[in-house]
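Novice: First the structure, which I've put down as structure tokens, then a few questions once you've had a look.
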Amino acid sequence: MPSRFQRLLQRLRPHVDLANWPRLTAAGVELAEGADAQGPWLLSRGRCRYRFFDTELQAAGRLRGRLRASLLAWAPFDNSDYRIVLRGSQAMVWAWDAARVQDDLARAGAPAQVRLHLEALQRDAHEDGTRLLQGIDGFEAQHWRGGVLRASRWWPQAPDAAAWASWASTVDGAAAQPAEAIAPQPWLARPWAEGLDLAALDSNTSPFERFAVGAALVSLTGLSAAQLHQAWDMQVRLRALEAERQSLAAGVAPAIAARDRALALAAEADALAARSHAVQPLEVLVHLAERLPQRGVLLRDLELQGRNLRLGLELGPDMARAALVQDLQAGGWLTRVTESRDAGGPGRASFEMTLADLRPPPAMPMAAAAPAAATVAYPLPTGPATAAAPAGPAALPSPGAAPPGPAQAALPPAGLPAAPATPAPADPGGPKYPLPVAPPGARP
């Protein structure tokens with residue numbers, strides 16, 4: 001069983017051995033056994049016409065232009081294609097019928113852009129003299145001088161003396177007698193000269209210019225290689241730095257997490273500190289619940305701006321404003337308590353005051369333990385006692401006087417019998433609030 005290397009050689013052998021290449025001969029298409037029509041093709045000498053050109057011009061640009069014009073004027077076929085080998089100001093040109101070649105390749109299943117290799121370039125070249133070679137499909141007479149093929153003629157069979165003499169008479173220096181035919185020479189792995197096509201002659205650059213362009217390209221290639229090497233080194237360094245960064249990040253990850261937690265706690269502490277530097281409405285409500293009487297007062301409005309507080313109250317008919325002011329100021333937190341004129345209606349009272357501090361003082365028992373709304377009824381005396389009663393409105397307590405205590409409220413006037421205390425009105429019901437805040441429409 002052949003090895004993998006042997007199978008690879010068998011697969012590549014048709015492309016290496018020119019004897020197995022498909023051929024285009026004067027008779028048509030020849031496909032050897034195992035030949036690959038998709039690979040390169042050989043174009044026999046019988047399919048070509050040969051001509052030697054000597055322009056005798058020094059400038060390479062003018063040489064190419066002159067040679068191109070000469071080839072277009074020669075044009076041995078209606079649709080000619082060329083293979084050109086330049087030797088200084090001299091040119092060796094092979095031409096063939098491009099239309100016929102393309103038709104034969106299409107019928108053989110070859111691609112349209114297949115590369116054609118000329119039989120004349122795959123055989124060994126000669127230096128000087130005349131010779132007769134046996135080719136793929138005929139015989140070719142060649143006359144060489146200084147390594148340049150000066151003349152060539154092809155016959156399908158070996159030429160006789162008359163045919164040889166007719167050709168030799170047109171060639172300067174050719175042998176008059178036919179030479180002995182040389183057996184087919186071995187194929188060259190590479191052609192002895194790189195041929196050009198007709199489109200390559202459109203370039204007007206000189207060899208020096210092409211050399212300068214090539215040198216510039218080589219220099220640019222070297223610079224690009226140096227830049228590529230530097231870029232590669234930089235990429236390697238970047239990868240090393242990235243690996244180091246990841247290693248450091250993994251090492252300091254716990255410290256970073258602890259720092260983030262500390263920053264979050266600091267933010268919470270800042271928020272709490274900001275709240276501690278402002279008056280808290282809930283503390284104001286709790287303080288009012290401790291200062292205001294439980295009966296006879298309903299809180300309607302509360303407006304807090306910084307340390308300025310405004311209360312809207314609805315007072316019962318027996319609630320004295322002076323006593324209410326004393327109750328508000330008794331804790332020492334609410335100061336400068338004044339009553340506003342725009343109370344908002346009968347039974348309404350609006351008070352403005354200033355908080356002495358951001359926080360209320362510690363809770364203190366109120367001076368009056370009994371509810372301020374509780375009243376005591378006494379029977380009015382008849383007779384002389386009534387006449388002896390002083391006329392005029394009852395005297396109000398002075399603003400600085402202390403509110404009457406429970407004992408004072410329970411004592412009857414002099415000379416009057418003690419009367420039972422009238423209890424406070426019954427609770428109309430509803431939820432019990434620490435601060436008597438009235439719902440809309442309620443009255444004390």
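Note on naming: chains are A, B, ... as they come in the structure tokens, residues start from 1 per chain, ligands start from 1 in the order shown.
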Enumerate, as a list of chain:residue names, the complete set of residues in stretch 247-321 of chain A that a backbone-based DSSP assignment places in strand (DSSP E).
Specialist: A:Val297, A:Leu298, A:Leu299, A:Arg300, A:Asp301, A:Leu302, A:Glu303, A:Leu304, A:Gln305, A:Asn308, A:Leu309, A:Arg310, A:Leu311, A:Gly312, A:Leu313, A:Glu314, A:Leu315
Novice: Using only C-alpha atoms, which protein or nucleic acid residues come within 9 Å of stretch 111-126 of chain A? Drop anything in the same chain fewer than 2 positions from it, and give the result as an mmCIF file with C-alpha atoms, in the first residue's frame.
Specialist:
```cif
data_model
loop_
_atom_site.group_PDB
_atom_site.id
_atom_site.type_symbol
_atom_site.label_atom_id
_atom_site.label_comp_id
_atom_site.auth_asym_id
_atom_site.auth_seq_id
_atom_site.Cartn_x
_atom_site.Cartn_y
_atom_site.Cartn_z
ATOM 1 C CA LEU A 18 6.060 17.850 -18.702
ATOM 2 C CA ALA A 37 -6.847 19.431 -18.131
ATOM 3 C CA GLN A 38 -7.141 21.935 -15.273
ATOM 4 C CA GLY A 39 -3.352 22.309 -15.000
ATOM 5 C CA PRO A 40 -0.791 23.927 -17.313
ATOM 6 C CA TRP A 41 -0.758 23.135 -21.057
ATOM 7 C CA LEU A 42 2.036 22.759 -23.624
ATOM 8 C CA LEU A 43 1.774 24.634 -26.925
ATOM 9 C CA SER A 44 3.716 22.827 -29.629
ATOM 10 C CA ARG A 45 5.995 24.534 -32.120
ATOM 11 C CA CYS A 48 3.267 28.836 -33.527
ATOM 12 C CA ARG A 83 5.249 35.272 -26.274
ATOM 13 C CA TRP A 94 6.385 33.352 -31.072
ATOM 14 C CA GLN A 102 -9.355 29.046 -26.761
ATOM 15 C CA LEU A 105 -9.193 24.485 -24.488
ATOM 16 C CA ALA A 106 -12.931 24.948 -24.034
ATOM 17 C CA GLY A 109 -12.672 21.384 -20.339
ATOM 18 C CA ASP A 128 25.704 29.395 -32.067
ATOM 19 C CA GLY A 129 25.053 27.366 -35.213
ATOM 20 C CA ARG A 131 20.412 22.571 -35.973
ATOM 21 C CA GLY A 135 9.521 18.196 -31.610
ATOM 22 C CA ILE A 136 6.129 17.025 -30.416
ATOM 23 C CA GLN A 142 16.967 26.725 -35.807
ATOM 24 C CA HIS A 143 19.798 29.149 -36.478
ATOM 25 C CA TRP A 144 21.446 30.616 -33.334
ATOM 26 C CA ARG A 145 23.949 33.451 -32.988
ATOM 27 C CA GLY A 146 25.232 34.714 -29.665
ATOM 28 C CA GLY A 147 22.532 32.847 -27.746
ATOM 29 C CA VAL A 148 19.747 34.460 -29.827
ATOM 30 C CA LEU A 149 17.483 32.493 -32.129
ATOM 31 C CA PRO A 184 13.774 15.156 -28.735
ATOM 32 C CA GLN A 185 15.697 16.676 -25.894
ATOM 33 C CA PRO A 186 14.607 16.298 -22.281
ATOM 34 C CA TRP A 187 12.172 18.824 -20.965
ATOM 35 C CA LEU A 188 13.409 21.697 -18.827
ATOM 36 C CA ALA A 189 11.850 22.106 -15.385
ATOM 37 C CA ARG A 190 11.787 25.840 -16.041
ATOM 38 C CA PRO A 191 11.788 27.683 -19.370
ATOM 39 C CA TRP A 192 15.188 28.956 -20.478
ATOM 40 C CA ALA A 193 13.693 32.468 -20.773
ATOM 41 C CA GLU A 194 10.710 34.202 -19.210
ATOM 42 C CA GLY A 195 8.472 35.394 -22.000
#
```
Novice: Tell me, as a ChimeraX atom specification, which residues lie within 7 Å of A:Ala26, counting only C-alpha atoms; anything in the same chain fewer than 6 positions away does not count.
Specialist: /A:46-47,137
Novice: Report as an MDAnalysis selection string: the residues of stretch 76-311 of chain A with a DSSP assignment of helix (DSSP H, G or I), based on the backbone of this structure.
Specialist: chainID A and resid 98:108 119:122 161:168 198:202 207:276 281:291
Novice: Looking at A:Val29, A:Leu238, A:Asp197, A:Ala330, which one is nearest to A:Pro361, with distances taken over only C-alpha atoms?
Specialist: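 Among A:Val29, A:Leu238, A:Asp197, A:Ala330, it is A:Ala330 that comes nearest to A:Pro361.
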Novice: Using only C-alpha atoms, pick whichever of A:Asn308, A:Gln280, A:Met319, A:Leu328 has the shortest atom-to-atom distance to A:Glu352.
Specialist: A:Asn308
Novice: May I have the residues within 7 Å of A:Asp327 as a PyMOL selection string, using only C-alpha atoms and disregarding those fewer than 4 positions away in the same chain?
Specialist: chain A and resi 291-292+323
Novice: Output C-alpha atoms of each residue in that selection to a file, as a short mmCIF file (atom, residue, chain, number, x, y, z; two decimals), in the first residue's frame.
Specialist:
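Output contents, as saved in part27.cif:
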```cif
data_model
loop_
_atom_site.label_atom_id
_atom_site.label_comp_id
_atom_site.auth_asym_id
_atom_site.auth_seq_id
_atom_site.Cartn_x
_atom_site.Cartn_y
_atom_site.Cartn_z
CA ARG A 291 -47.42 70.59 74.73
CA LEU A 292 -50.94 71.02 73.38
CA ALA A 323 -52.93 79.65 78.24
#
```
Novice: For a test of reading the model, state the distance in Å between atom CA of A:Glu314 and atom CA of A:Leu298, rounded to one decimal.
Specialist: 5.1 Å
Novice: Pick out the closest residue to A:Leu334 from this set: A:Asp160, A:Asp357, A:Asp54, A:Asp318. Count only C-alpha atoms.
Specialist: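 Residue with the minimum atom-to-atom distance to A:Leu334: A:Asp357.
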Novice: With distances taken over only C-alpha atoms, which residue among A:Gln305, A:Leu196, A:Arg359, A:Leu201 lies nearest A:Arg68?
Specialist: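 Closest to A:Arg68, using only C-alpha atoms: A:Leu201.
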Novice: With only C-alpha atoms as the counted atoms, please give the residues lying no more than 12 Å from A:Gly312, apart from itself and same-chain residues fewer than 4 positions off, as a PDB file with C-alpha atoms, in the first residue's frame.
Specialist:
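around.pdb, freshly written:
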```
ATOM      1  CA  VAL A 297     -57.539  72.056  70.336  1.00  0.00           C
ATOM      2  CA  LEU A 298     -57.360  70.602  66.813  1.00  0.00           C
ATOM      3  CA  LEU A 299     -54.283  70.984  64.587  1.00  0.00           C
ATOM      4  CA  ARG A 300     -55.327  72.046  61.118  1.00  0.00           C
ATOM      5  CA  ASP A 301     -52.114  73.264  59.452  1.00  0.00           C
ATOM      6  CA  LEU A 302     -48.405  72.901  60.081  1.00  0.00           C
ATOM      7  CA  GLU A 303     -45.746  74.691  58.007  1.00  0.00           C
ATOM      8  CA  LEU A 304     -42.059  74.254  58.817  1.00  0.00           C
ATOM      9  CA  GLU A 339     -50.680  84.969  67.010  1.00  0.00           C
ATOM     10  CA  SER A 340     -51.288  86.006  63.421  1.00  0.00           C
ATOM     11  CA  ARG A 341     -54.256  88.081  62.356  1.00  0.00           C
ATOM     12  CA  ASP A 342     -55.228  85.970  59.346  1.00  0.00           C
ATOM     13  CA  ALA A 343     -56.618  83.076  61.355  1.00  0.00           C
ATOM     14  CA  GLY A 344     -58.962  81.971  58.584  1.00  0.00           C
ATOM     15  CA  GLY A 345     -62.375  82.168  60.305  1.00  0.00           C
ATOM     16  CA  GLY A 347     -62.716  79.523  66.089  1.00  0.00           C
ATOM     17  CA  ARG A 348     -59.484  79.479  64.124  1.00  0.00           C
ATOM     18  CA  ALA A 349     -56.122  80.653  65.397  1.00  0.00           C
ATOM     19  CA  SER A 350     -52.753  80.892  63.639  1.00  0.00           C
ATOM     20  CA  PHE A 351     -49.531  81.021  65.620  1.00  0.00           C
ATOM     21  CA  GLU A 352     -46.006  81.717  64.389  1.00  0.00           C
ATOM     22  CA  MET A 353     -42.960  80.751  66.398  1.00  0.00           C
ATOM     23  CA  VAL A 437     -55.142  66.435  64.597  1.00  0.00           C
ATOM     24  CA  ALA A 438     -58.652  66.958  63.319  1.00  0.00           C
TER      25      ALA A 438
END
```
Novice: In Å to one decimal, how far is atom CA of A:Pro76 from atom CA of A:Ala98?
Specialist: 11.1 Å
Novice: With a distance cut-off of 12 Å and only C-alpha atoms, select the neighbouring residues of A:Glu33, excluding the residue or stretch itself and same-chain residues fewer than 5 positions from it, and output the selection as an NGL selection string.
Specialist: :A and (14 or 19-23)
Novice: If I take atom CA of A:Gly65 and atom CA of A:Gly88, how far is one from the other in Å, to one decimal?
Specialist: 14.1 Å
Novice: Please provide the set of residues having any atom within 9 Å of A:Asn79, restricted to only C-alpha atoms, with same-chain residues fewer than 2 positions apart removed, written as JSON, numbers by chain.
Specialist: {"A": [75, 76, 77, 81, 96, 97, 98, 99, 100]}
Novice: Based on the selection just made, write N, CA and C atoms of those residues as a short mmCIF file (atom, residue, chain, number, x, y, z; two decimals), in the first residue's frame.
Specialist:
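Wrote it out as part37.cif, contents follow:
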```
data_model
loop_
_atom_site.label_atom_id
_atom_site.label_comp_id
_atom_site.auth_asym_id
_atom_site.auth_seq_id
_atom_site.Cartn_x
_atom_site.Cartn_y
_atom_site.Cartn_z
N ALA A 75 1.19 40.51 -37.16
CA ALA A 75 -0.10 39.85 -36.91
C ALA A 75 -0.34 38.68 -37.85
N PRO A 76 0.32 37.56 -37.63
CA PRO A 76 0.17 36.42 -38.56
C PRO A 76 -1.22 35.78 -38.53
N PHE A 77 -2.03 36.05 -37.50
CA PHE A 77 -3.38 35.49 -37.40
C PHE A 77 -4.37 36.64 -37.19
N ASP A 81 -1.89 35.97 -30.44
CA ASP A 81 -1.32 36.14 -29.12
C ASP A 81 0.17 35.87 -29.23
N TRP A 96 0.67 32.76 -32.03
CA TRP A 96 -0.26 31.67 -32.30
C TRP A 96 -1.68 32.23 -32.42
N ASP A 97 -2.55 31.39 -32.94
CA ASP A 97 -3.95 31.78 -33.16
C ASP A 97 -4.69 31.65 -31.84
N ALA A 98 -4.97 32.78 -31.19
CA ALA A 98 -5.60 32.76 -29.86
C ALA A 98 -7.02 32.22 -29.92
N ALA A 99 -7.77 32.53 -30.97
CA ALA A 99 -9.15 32.05 -31.06
C ALA A 99 -9.20 30.53 -31.16
N ARG A 100 -8.35 29.94 -31.97
CA ARG A 100 -8.35 28.49 -32.10
C ARG A 100 -7.91 27.83 -30.80
#
```
